[in-house]
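K.L.:
Coordinates in my_file.cif, mmCIF, C-alpha atoms and all ligand atoms, are listed below.
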data_work
loop_
_atom_site.label_atom_id
_atom_site.label_comp_id
_atom_site.auth_asym_id
_atom_site.auth_seq_id
_atom_site.Cartn_x
_atom_site.Cartn_y
_atom_site.Cartn_z
CA MET A 97 0.00 0.00 0.00
CA VAL A 98 1.31 3.41 -0.96
CA PRO A 99 1.37 5.74 2.07
CA ARG A 100 -0.63 8.98 2.10
CA THR A 101 2.02 11.64 1.66
CA CYS A 102 2.08 15.36 2.44
CA PHE A 103 4.90 17.44 0.95
CA ILE A 104 6.00 20.48 2.96
CA LEU A 105 7.78 22.71 0.48
CA ASN A 106 10.12 25.53 1.48
CA PRO A 107 10.13 27.75 -1.64
CA THR A 108 13.20 29.67 -0.42
CA ALA A 109 15.51 26.64 0.05
CA GLY A 110 18.45 25.80 -2.14
CA PRO A 111 19.93 27.11 -5.35
CA SER A 112 17.14 26.25 -7.85
CA ARG A 113 14.23 28.32 -6.56
CA ARG A 114 12.77 29.17 -9.94
CA ARG A 115 11.68 25.60 -10.69
CA ASP A 116 7.97 24.84 -10.43
CA VAL A 117 8.41 22.11 -7.82
CA PRO A 118 4.66 21.39 -7.28
CA ALA A 119 4.33 20.70 -11.02
CA LEU A 120 7.37 18.40 -10.88
CA ILE A 121 5.88 16.58 -7.87
CA ALA A 122 2.65 16.12 -9.86
CA ARG A 123 4.61 14.74 -12.80
CA HIS A 124 7.00 12.40 -10.96
CA PHE A 125 4.93 11.43 -7.89
CA GLY A 126 1.31 12.22 -8.71
CA THR A 127 1.31 9.85 -11.68
CA LEU A 128 2.30 7.01 -9.29
CA VAL A 129 0.32 8.00 -6.18
CA ALA A 130 -3.05 9.75 -6.22
CA ASP A 131 -3.35 10.48 -2.51
CA TYR A 132 -0.95 13.32 -1.77
CA GLU A 133 -0.86 17.06 -1.03
CA VAL A 134 1.70 19.83 -1.35
CA ARG A 135 1.76 22.64 1.21
CA LEU A 136 4.05 25.64 0.96
CA THR A 137 5.75 27.33 3.91
CA GLU A 138 5.17 31.06 4.29
CA CYS A 139 7.95 31.89 6.74
CA ALA A 140 10.73 30.38 8.83
CA GLY A 141 9.26 28.02 11.43
CA HIS A 142 6.04 27.43 9.50
CA ALA A 143 7.04 23.88 8.48
CA VAL A 144 6.88 22.78 12.14
CA GLU A 145 3.16 23.63 12.31
CA LEU A 146 2.41 22.29 8.83
CA ALA A 147 4.09 18.97 9.62
CA ARG A 148 2.31 18.60 12.95
CA ALA A 149 -1.04 19.33 11.30
CA ALA A 150 -0.36 16.85 8.48
CA ALA A 151 0.47 14.11 11.00
CA ALA A 152 -2.72 14.90 12.93
CA GLU A 153 -4.70 14.60 9.68
CA GLY A 154 -3.38 11.06 9.25
CA PHE A 155 -0.73 11.48 6.56
CA GLU A 156 1.63 8.54 6.97
CA VAL A 157 4.60 10.27 5.34
CA VAL A 158 5.37 13.98 5.69
CA ALA A 159 8.13 14.92 3.29
CA ALA A 160 10.40 17.93 3.76
CA VAL A 161 11.09 19.51 0.37
CA GLY A 162 14.12 21.68 1.09
CA GLY A 163 17.45 21.49 2.89
CA ASP A 164 18.50 20.60 6.41
CA GLY A 165 16.70 23.61 7.91
CA THR A 166 13.41 22.42 6.43
CA VAL A 167 14.14 18.83 7.46
CA ASN A 168 14.74 20.11 11.00
CA GLU A 169 11.41 21.94 11.10
CA VAL A 170 9.40 19.05 9.64
CA GLY A 171 11.20 16.56 11.91
CA ARG A 172 10.40 18.68 14.97
CA GLY A 173 6.74 18.79 13.95
CA LEU A 174 6.66 15.00 13.63
CA LEU A 175 8.27 14.14 16.97
CA GLY A 176 5.78 12.22 19.08
CA THR A 177 3.47 11.53 16.12
CA ALA A 178 2.97 8.37 14.05
CA ALA A 179 4.01 9.96 10.74
CA ALA A 180 7.36 9.27 9.09
CA LEU A 181 9.77 11.90 7.76
CA GLY A 182 10.44 11.81 4.03
CA ILE A 183 13.03 14.01 2.31
CA VAL A 184 13.07 15.52 -1.16
CA PRO A 185 16.45 17.26 -1.18
CA GLN A 186 16.17 20.83 -2.46
CA GLY A 187 18.62 22.58 -0.15
CA SER A 188 22.19 23.73 -0.52
CA GLY A 189 23.89 21.17 1.72
CA ASN A 190 21.32 18.35 2.16
CA GLY A 191 23.35 16.65 4.88
CA LEU A 192 20.69 14.26 6.20
CA ALA A 193 19.48 13.30 2.71
CA ARG A 194 23.06 12.51 1.67
CA HIS A 195 23.63 10.47 4.82
CA LEU A 196 20.46 8.47 4.20
CA GLY A 197 21.33 7.91 0.54
CA VAL A 198 18.28 9.79 -0.77
CA PRO A 199 18.78 10.65 -4.48
CA LEU A 200 19.69 14.33 -4.84
CA SER A 201 17.80 14.73 -8.12
CA LEU A 202 14.13 15.52 -7.84
CA ALA A 203 12.62 12.85 -10.12
CA PRO A 204 14.43 9.82 -8.61
CA ALA A 205 13.86 11.16 -5.08
CA LEU A 206 10.12 11.40 -5.77
CA ARG A 207 9.93 7.97 -7.39
CA ARG A 208 11.69 6.49 -4.37
CA LEU A 209 9.22 8.20 -2.02
CA ALA A 210 6.35 6.52 -3.88
CA ALA A 211 7.62 3.15 -2.56
CA PRO A 212 9.58 4.02 0.57
CA THR A 213 11.31 1.85 3.14
CA PHE A 214 10.30 2.66 6.73
CA SER A 215 12.78 2.71 9.61
CA ARG A 216 13.55 4.82 12.69
CA MET A 217 16.40 7.19 13.56
CA ASP A 218 17.88 8.80 16.68
CA VAL A 219 17.24 12.47 17.37
CA GLY A 220 19.70 14.78 19.13
CA VAL A 221 18.70 17.65 21.41
CA MET A 222 20.95 20.61 22.22
CA ASN A 223 19.63 22.99 24.90
CA ASP A 224 16.06 21.86 24.14
CA HIS A 225 16.51 22.27 20.34
CA PRO A 226 16.06 18.96 18.48
CA PHE A 227 18.54 18.18 15.70
CA PHE A 228 18.61 15.40 13.18
CA CYS A 229 21.95 15.82 11.44
CA THR A 230 24.51 17.82 13.50
CA ALA A 231 24.67 20.49 16.18
CA GLY A 232 27.72 22.26 17.45
CA LEU A 233 29.45 25.19 19.05
CA GLY A 234 32.40 27.26 18.02
CA PHE A 235 33.69 28.19 14.61
CA ASP A 236 31.09 26.27 12.56
CA ALA A 237 28.25 28.10 14.37
CA HIS A 238 30.14 31.39 14.01
CA VAL A 239 30.32 30.85 10.25
CA SER A 240 26.57 29.97 10.14
CA GLN A 241 25.82 33.24 11.95
CA HIS A 242 27.88 35.38 9.56
CA PHE A 243 26.75 33.47 6.46
CA ALA A 244 23.11 34.17 7.41
CA GLN A 245 23.98 37.89 7.60
CA ALA A 246 26.01 37.96 4.36
CA GLY A 247 23.15 39.15 2.14
CA SER A 248 23.85 36.55 -0.55
CA ARG A 249 24.06 32.74 -0.50
CA GLY A 250 25.88 30.08 -2.49
CA LEU A 251 29.24 28.35 -2.19
CA SER A 252 31.38 31.39 -3.10
CA THR A 253 29.75 33.52 -0.36
CA TYR A 254 30.21 30.65 2.08
CA LEU A 255 33.93 30.31 1.29
CA ARG A 256 34.46 34.09 1.46
CA VAL A 257 32.73 34.31 4.86
CA THR A 258 34.64 31.27 6.17
CA LEU A 259 38.04 32.69 5.19
CA ARG A 260 37.25 36.16 6.55
CA GLU A 261 35.98 34.80 9.89
CA TYR A 262 38.87 32.31 10.15
CA ARG A 263 41.23 35.28 10.51
CA ARG A 264 39.05 36.79 13.28
CA TYR A 265 37.84 33.81 15.30
CA ARG A 266 39.48 32.87 18.63
CA PRO A 267 38.77 29.64 20.57
CA VAL A 268 37.06 29.71 23.99
CA ARG A 269 38.11 27.74 27.07
CA VAL A 270 35.50 25.09 27.98
CA ARG A 271 34.88 22.30 30.47
CA ILE A 272 33.39 19.30 28.67
CA ASP A 273 31.65 16.46 30.45
CA LEU A 274 31.01 13.63 28.04
CA ASN A 275 28.95 11.03 29.85
CA GLY A 276 31.16 11.42 32.96
CA GLN A 277 34.48 11.84 31.13
CA VAL A 278 35.62 15.38 31.95
CA GLU A 279 38.10 17.46 29.97
CA GLU A 280 39.18 21.11 30.20
CA THR A 281 40.27 22.38 26.82
CA ASP A 282 40.23 25.19 24.31
CA CYS A 283 37.29 24.80 21.94
CA TYR A 284 37.59 25.84 18.33
CA VAL A 285 34.88 23.45 17.17
CA LEU A 286 32.85 21.01 19.19
CA ALA A 287 30.43 19.10 16.97
CA PHE A 288 27.76 16.65 18.09
CA ALA A 289 26.97 14.46 15.13
CA ASN A 290 23.92 12.26 14.77
CA ALA A 291 24.57 11.92 11.03
CA SER A 292 27.99 11.89 9.39
CA GLN A 293 28.14 15.20 7.58
CA TYR A 294 27.32 18.92 7.62
CA GLY A 295 26.09 18.68 4.04
CA ASN A 296 27.88 18.95 0.69
CA ASN A 297 29.79 15.79 1.71
CA ALA A 298 31.73 17.66 4.42
CA TYR A 299 32.18 14.69 6.77
CA ILE A 300 32.63 15.95 10.33
CA ALA A 301 31.94 12.48 11.77
CA PRO A 302 32.14 9.90 8.97
CA LEU A 303 31.48 6.97 11.33
CA ALA A 304 28.29 8.43 12.83
CA ASP A 305 25.33 6.06 12.82
CA LEU A 306 21.73 7.33 12.98
CA ARG A 307 20.56 4.24 14.82
CA ASP A 308 23.25 3.46 17.40
CA GLY A 309 21.80 5.50 20.29
CA LEU A 310 25.04 7.52 20.43
CA LEU A 311 26.37 10.87 19.30
CA ASP A 312 29.77 11.11 17.63
CA VAL A 313 31.51 14.09 19.24
CA CYS A 314 34.32 15.82 17.36
CA LEU A 315 36.59 18.23 19.24
CA ILE A 316 39.06 20.54 17.51
CA ASP A 317 40.88 22.59 20.16
CA ALA A 318 42.85 24.87 17.85
CA LEU A 319 43.05 25.45 14.12
CA PRO A 320 46.35 26.94 12.98
CA ALA A 321 46.68 27.28 9.18
CA GLY A 322 48.41 23.92 8.57
CA ARG A 323 45.82 22.04 10.59
CA ALA A 324 42.97 23.98 8.98
CA PHE A 325 44.16 22.72 5.61
CA ARG A 326 44.45 19.13 6.88
CA VAL A 327 41.00 19.29 8.52
CA SER A 328 39.36 20.66 5.34
CA LEU A 329 40.96 17.98 3.18
CA ALA A 330 40.16 15.19 5.66
CA MET A 331 36.52 16.34 5.90
CA ALA A 332 36.21 16.18 2.11
CA LEU A 333 37.88 12.75 1.99
CA GLY A 334 35.87 11.43 4.94
CA ASN A 335 38.94 10.49 7.01
CA LEU A 336 39.04 13.15 9.73
CA PRO A 337 39.13 10.54 12.58
CA GLN A 338 42.27 8.94 11.09
CA SER A 339 43.97 12.30 10.44
CA LYS A 340 44.63 12.94 14.17
CA ALA A 341 43.65 16.59 13.60
CA ALA A 342 40.54 16.11 15.79
CA GLU A 343 39.64 14.16 18.90
CA TYR A 344 36.55 11.87 18.86
CA PHE A 345 34.21 10.53 21.51
CA ARG A 346 31.02 8.47 21.23
CA VAL A 347 28.46 9.18 23.97
CA PRO A 348 24.70 9.31 24.64
CA ARG A 349 24.92 12.74 26.32
CA GLY A 350 27.23 15.66 27.03
CA ARG A 351 27.50 18.91 28.98
CA VAL A 352 29.66 21.92 28.23
CA LEU A 353 30.47 24.95 30.37
CA ALA A 354 32.23 27.79 28.58
CA GLU A 355 34.26 30.66 30.07
CA ALA A 356 32.65 33.09 27.60
CA PRO A 357 29.50 32.86 25.44
CA ILE A 358 29.96 30.65 22.37
CA GLY A 359 27.73 30.62 19.29
CA PHE A 360 25.87 27.39 18.60
CA HIS A 361 24.02 25.92 15.64
CA VAL A 362 21.48 23.18 15.17
CA ASP A 363 21.39 21.53 11.73
CA GLY A 364 23.36 24.46 10.31
CA ASP A 365 21.11 27.23 11.61
CA TYR A 366 22.82 29.61 14.06
CA LEU A 367 20.63 29.88 17.18
CA GLY A 368 22.53 32.26 19.47
CA HIS A 369 25.28 32.32 22.09
CA ALA A 370 25.36 30.50 25.44
CA THR A 371 27.83 29.50 28.16
CA GLU A 372 26.13 26.24 29.13
CA PHE A 373 25.11 23.41 26.83
CA VAL A 374 23.27 20.20 27.55
CA VAL A 375 23.19 17.69 24.72
CA GLU A 376 21.19 14.47 24.71
CA LEU A 377 20.05 11.79 22.34
CA LEU A 378 16.53 10.39 21.98
CA PRO A 379 17.08 6.87 20.65
CA LEU A 380 15.02 5.98 17.56
CA ALA A 381 12.61 8.83 18.31
CA LEU A 382 11.63 9.56 14.70
CA ALA A 383 10.19 7.36 11.94
CA VAL A 384 11.75 7.91 8.51
CA ALA A 385 10.56 6.89 5.07
CA VAL A 386 13.35 6.81 2.47
N1 LIG B 1 8.60 30.60 3.19
C1 LIG B 1 9.76 30.88 3.78
N2 LIG B 1 10.29 32.11 3.75
C2 LIG B 1 11.49 32.39 4.33
N3 LIG B 1 12.24 31.47 4.99
C3 LIG B 1 11.76 30.22 5.06
C4 LIG B 1 10.51 29.85 4.47
N4 LIG B 1 10.27 28.54 4.71
C5 LIG B 1 11.35 28.10 5.41
N5 LIG B 1 12.23 29.09 5.63
C6 LIG B 1 13.55 29.02 6.28
O1 LIG B 1 14.53 28.81 5.27
C7 LIG B 1 15.69 28.32 5.92
C8 LIG B 1 16.61 27.65 4.93
O2 LIG B 1 16.03 26.48 4.45
P1 LIG B 1 16.85 25.15 4.24
O3 LIG B 1 17.86 24.95 5.32
O4 LIG B 1 15.89 24.06 4.02
O5 LIG B 1 17.61 25.41 2.87
P2 LIG B 1 19.15 25.62 2.57
O6 LIG B 1 19.77 26.48 3.63
O7 LIG B 1 19.24 26.06 1.16
O8 LIG B 1 19.70 24.13 2.65
P3 LIG B 1 20.78 23.40 3.62
O9 LIG B 1 20.37 23.68 5.04
O10 LIG B 1 20.69 21.95 3.28
O11 LIG B 1 22.11 23.99 3.26
C9 LIG B 1 15.18 27.42 7.01
O12 LIG B 1 15.92 27.59 8.20
C10 LIG B 1 13.71 27.84 7.20
O13 LIG B 1 13.43 28.26 8.52
#
Starting from the file, give its structure as structure tokens.

P.N.:
Amino acid sequence: MVPRTCFILNPTAGPSRRRDVPALIARHFGTLVADYEVRLTECAGHAVELARAAAAEGFEVVAAVGGDGTVNEVGRGLLGTAAALGIVPQGSGNGLARHLGVPLSLAPALRRLAAPTFSRMDVGVMNDHPFFCTAGLGFDAHVSQHFAQAGSRGLSTYLRVTLREYRRYRPVRVRIDLNGQVEETDCYVLAFANASQYGNNAYIAPLADLRDGLLDVCLIDALPAGRAFRVSLAMALGNLPQSKAAEYFRVPRGRVLAEAPIGFHVDGDYLGHATEFVVELLPLALAVAV
């Protein structure tokens, strides 16, 4: 039986905004499955409400059509409901879709969603904010903050902002408690990974498993130029753990106290600064249909 599917479409996501995505859904999904709807978001945060409403109406699959920000909102709306998260990747990075092996092209992604495989995945929570792919504090959040303020998007803006902020950014001293293992260290980047990558195949935690009940934690205490180059290359090659340029832990929960406020992000969206962080994992808390 083909599941009733509701598509939640973020028209502002990703690089190809001018495409008529509802028409493409009708062509590549609607010819296979009659019982579906497409609902468009009107503002940031709207997808949470739309997803919750769709689950309450009995849709079995609620598909995020967008990037990791849209996936985060739809996933949040589905927590505690019976509906499964589907993904039609239309974002810039598409980290969770890439991790799950969802086709990045629209037509194959839609055809796959017409006959999905159901499973469950873990969900991370940082300071009460659920995340599905990665959350973190330090330089990656700092870049998310400045990228959001850059006025333009795309890879060239991202690289320009990253290089500019790399010259400015200074690590903060933190006390990390990872499931009882305590460490005092400088923190340049501290990433909590449920999935393996930030998006665009930038593998911050290539061994992360969505179903192991654990978060892969990646700590980079300092990033002088030579190490920055090695980290960038190793992230692209997917061998950062072997490169010795970062320290790894695998834990169900963590706590961080910082000497000064540090910026943090959840699934790539900068959420603010804080000095205290509590990170937890909800094992297999979300149904997925991919
Ligand atoms: N109608 C809308 N108008 C403005 N912003 C929206 C709207 N709908 C959703 N958003 C916001 O757009 C943001 C970006 O969306 P999303 O992350 O899906 O795309 P992306 O940034 O291109 O992809 P990725 O995160 O994979 O790089 C989300 O954080 C979401 O809150």

K.L.:
Can you measure atom CA of A:Ala211 to atom O3 of ligand LIG 1 (chain B) for me? One decimal in Å is fine.

P.N.:
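Distance reported for this atom pair: 25.3 Å.
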
K.L.:
Residues of chain A within 6 Å of ligand LIG 1 (chain B): nearest atom pair and distance (Å, one decimal) for each, counting only C-alpha atoms and all ligand atoms, sorted by chain and number, as JSON lines?

P.N.:
{"residue": "A:Asn106", "atom": "CA", "partner": "B:LIG1", "partner_atom": "N4", "distance": 4.4}
{"residue": "A:Pro107", "atom": "CA", "partner": "B:LIG1", "partner_atom": "N1", "distance": 5.8}
{"residue": "A:Thr108", "atom": "CA", "partner": "B:LIG1", "partner_atom": "C1", "distance": 5.6}
{"residue": "A:Ala109", "atom": "CA", "partner": "B:LIG1", "partner_atom": "O5", "distance": 3.7}
{"residue": "A:Gly110", "atom": "CA", "partner": "B:LIG1", "partner_atom": "O7", "distance": 3.4}
{"residue": "A:Thr137", "atom": "CA", "partner": "B:LIG1", "partner_atom": "N1", "distance": 4.4}
{"residue": "A:Glu138", "atom": "CA", "partner": "B:LIG1", "partner_atom": "N1", "distance": 3.6}
{"residue": "A:Cys139", "atom": "CA", "partner": "B:LIG1", "partner_atom": "C1", "distance": 3.6}
{"residue": "A:Ala140", "atom": "CA", "partner": "B:LIG1", "partner_atom": "O13", "distance": 3.4}
{"residue": "A:Gly141", "atom": "CA", "partner": "B:LIG1", "partner_atom": "O13", "distance": 5.1}
{"residue": "A:Gly162", "atom": "CA", "partner": "B:LIG1", "partner_atom": "O4", "distance": 4.2}
{"residue": "A:Gly163", "atom": "CA", "partner": "B:LIG1", "partner_atom": "O4", "distance": 3.2}
{"residue": "A:Asp164", "atom": "CA", "partner": "B:LIG1", "partner_atom": "O9", "distance": 3.9}
{"residue": "A:Gly165", "atom": "CA", "partner": "B:LIG1", "partner_atom": "O3", "distance": 3.1}
{"residue": "A:Thr166", "atom": "CA", "partner": "B:LIG1", "partner_atom": "O4", "distance": 3.8}
{"residue": "A:Gly187", "atom": "CA", "partner": "B:LIG1", "partner_atom": "O8", "distance": 3.4}
{"residue": "A:Ser188", "atom": "CA", "partner": "B:LIG1", "partner_atom": "O11", "distance": 3.8}
{"residue": "A:Gly189", "atom": "CA", "partner": "B:LIG1", "partner_atom": "O10", "distance": 3.6}
{"residue": "A:Asn190", "atom": "CA", "partner": "B:LIG1", "partner_atom": "O10", "distance": 3.8}

K.L.:
A:Arg100, A:His361, A:Arg349, A:His195: which is nearest A:Ala210, counting only C-alpha atoms?

P.N.:
A:Arg100

K.L.:
Go through A:Gly191, A:Gly232, A:Pro99, A:Gly322 and flag the residue nearest A:Ala179, using all atoms listed in the file for the distances.

P.N.:
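So, comparing all the options, the nearest one is A:Pro99.
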
K.L.:
Determine, for each residue of stretch 205-282 of chain A having at least one atom at most 9 Å from an atom of stretch 122-135 of chain A, the closest pair of atoms and their separation in Å to one decimal, counting all atoms listed in the file; order by chain and ascending number, as a Markdown table.

P.N.:
| residue | atom | partner | partner_atom | distance |
| --- | --- | --- | --- | --- |
| A:Leu206 | CA | A:Phe125 | CA | 5.6 |
| A:Arg207 | CA | A:Phe125 | CA | 6.1 |
| A:Leu209 | CA | A:Phe125 | CA | 8.0 |
| A:Ala210 | CA | A:Phe125 | CA | 6.5 |

K.L.:
Check the smallest atom-to-atom distance from each of A:Val158, A:Leu353, A:Val362, A:Ile121 to A:Asp273 using all atoms listed in the file, then report the winner.

P.N.:
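For A:Asp273, the nearest of the candidates is A:Leu353.
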
K.L.:
Name the closest residue to A:Gly295 among the candidates A:Asp312, A:Glu261, A:Asp236, A:Asp363; distances are taken between atoms, counting all atoms listed in the file.

P.N.:
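Between A:Asp312, A:Glu261, A:Asp236, A:Asp363, the residue approaching A:Gly295 most closely is A:Asp363.
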
K.L.:
What is the atom CA of A:Leu329 to atom CA of A:Ile300 distance in Å?

P.N.:
11.2 Å

K.L.:
Would you mind telling me which residue in A:Leu377, A:Val270, A:Leu120, A:Leu175 lies nearest to A:Cys229 when using all atoms listed in the file?

P.N.:
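Under the stated criterion, the closest residue is A:Leu377.
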
K.L.:
Figure out the distance between atom CA of A:Phe360 and atom CA of A:Asn223, please, to one decimal in Å.

P.N.:
9.9 Å
